[in-house]
Amino acid sequence: MKALSRMIDRFCYKRPRFGIPNLIRFIVFGTVLVYVFGLMDTTDTLYQLLVFSPTDILRGQVWRLLTFVFVPVHIHPIWLFIMLYLSLMLGTSLERTWGTPKFTIYYLLGIVLLATAGMLAYLLPISASVFAGFFVGGYYIHAFLIITFATLYPDAPFRIMFIIPVRAKWIGLVTAGFLVYQMVIAWRHFPVNLIPLVLFFVYFLFTWDTWSRYLGLRNKKRSNTRVNFKRAAKRIRKENRNRPYTRKCAVCGKTDADYPEMEFRYCSRCNGYHCFCMEHINNHVHFE
């Protein structure tokens, strides 16, 4: 997972012009258009032409492999608006943070995995009617986008509907709980109801560094390095103590072996030959 994450970062660094700028805006705007025209379509023909359907895809309607992301799920309009609002706001923030290439890879990879899982599930002995536009849809990509942002920036504050203050981690937890609830109530369609779980691959791929920090993998490496540093410092101090010296401060005990750059001088007012460092040459009790 770490190697794949580094490969994506290198790819984005070498190809800064790759990707679709403001991709999430086009997705949200397209979803709103499909929803509005769908309200005027009493026969539900528009949805049936765009929704994910393995049977129709195998008949040549390959546009469904992409257009399913624009089909809104059959939920209350208020919840749909909140989902699209959060996707637009958080998706824009991720694109600014990651850059257009990385965010484009994130979203396109989610589409590819979701469509691939849907086609593979079609091979199972389950009726194709199960895929009536719910288990493979853009809604799940938007949900994981929100969860991804909440993982990377759990304490990011913002206001829902410009009124309710809340942190990103709570929105991520609510979104994850809602996903689990939807898959549980659809247990009769097992294992098709588990298709959205393939998006966990994209989620962990783009949050691997954060999870490594949460699990303490980086701290473990740092602690090992810290122990090795302490051992090396202790060994060096021991070697310095055993190293022969020619001058030693009569007050603090510093030697020219421990501090080779420090100057040592003898005091002319002391009885006998007594050496002092620069800190104590003018600040000591004279020997009588």
# chains A, B, ... in the order shown; residues from 1 in each chain; ligands from 1
call {"tool": "residues_around", "arguments": {"residues": "region 196-211 of chain A", "least_positions_apart": "5", "cutoff": "12 Å", "atoms": "only C-alpha atoms", "output": "ChimeraX atom specification"}}
result
/A:1-9,94,98,102-103,105-118,120-121,134-154,176,179-180,182-183,191,216-219
call {"tool": "residues_around", "arguments": {"residues": "Cys267 (chain A)", "least_positions_apart": "5", "cutoff": "10 Å", "atoms": "only C-alpha atoms", "output": "number ranges by chain"}}
result
A: 272-276, 281-282, 284, 286-287
call {"tool": "write_last_selection", "arguments": {"atoms": "C-alpha atoms", "output": "PDB file, in the first residue's frame"}}
result
ATOM      1  CA  GLY A 272      51.031  26.956  41.898  1.00  0.00           C
ATOM      2  CA  TYR A 273      49.947  26.019  38.393  1.00  0.00           C
ATOM      3  CA  HIS A 274      46.157  25.888  38.162  1.00  0.00           C
ATOM      4  CA  CYS A 275      44.325  25.843  34.842  1.00  0.00           C
ATOM      5  CA  PHE A 276      40.882  27.288  34.272  1.00  0.00           C
ATOM      6  CA  ILE A 281      39.390  32.176  34.593  1.00  0.00           C
ATOM      7  CA  ASN A 282      38.034  35.429  36.076  1.00  0.00           C
ATOM      8  CA  HIS A 284      37.145  31.561  40.894  1.00  0.00           C
ATOM      9  CA  HIS A 286      42.379  31.894  44.159  1.00  0.00           C
ATOM     10  CA  PHE A 287      44.544  29.137  45.531  1.00  0.00           C
TER      11      PHE A 287
END
call {"tool": "atom_distance", "arguments": {"atom1": "CA of Pro244 (chain A)", "atom2": "CA of Asn283 (chain A)"}}
result
26.0 Å
call {"tool": "atom_distance", "arguments": {"atom1": "CA of Trp63 (chain A)", "atom2": "CA of Phe26 (chain A)"}}
result
16.7 Å
call {"tool": "atom_distance", "arguments": {"atom1": "CA of Lys14 (chain A)", "atom2": "CA of Arg96 (chain A)"}}
result
17.6 Å
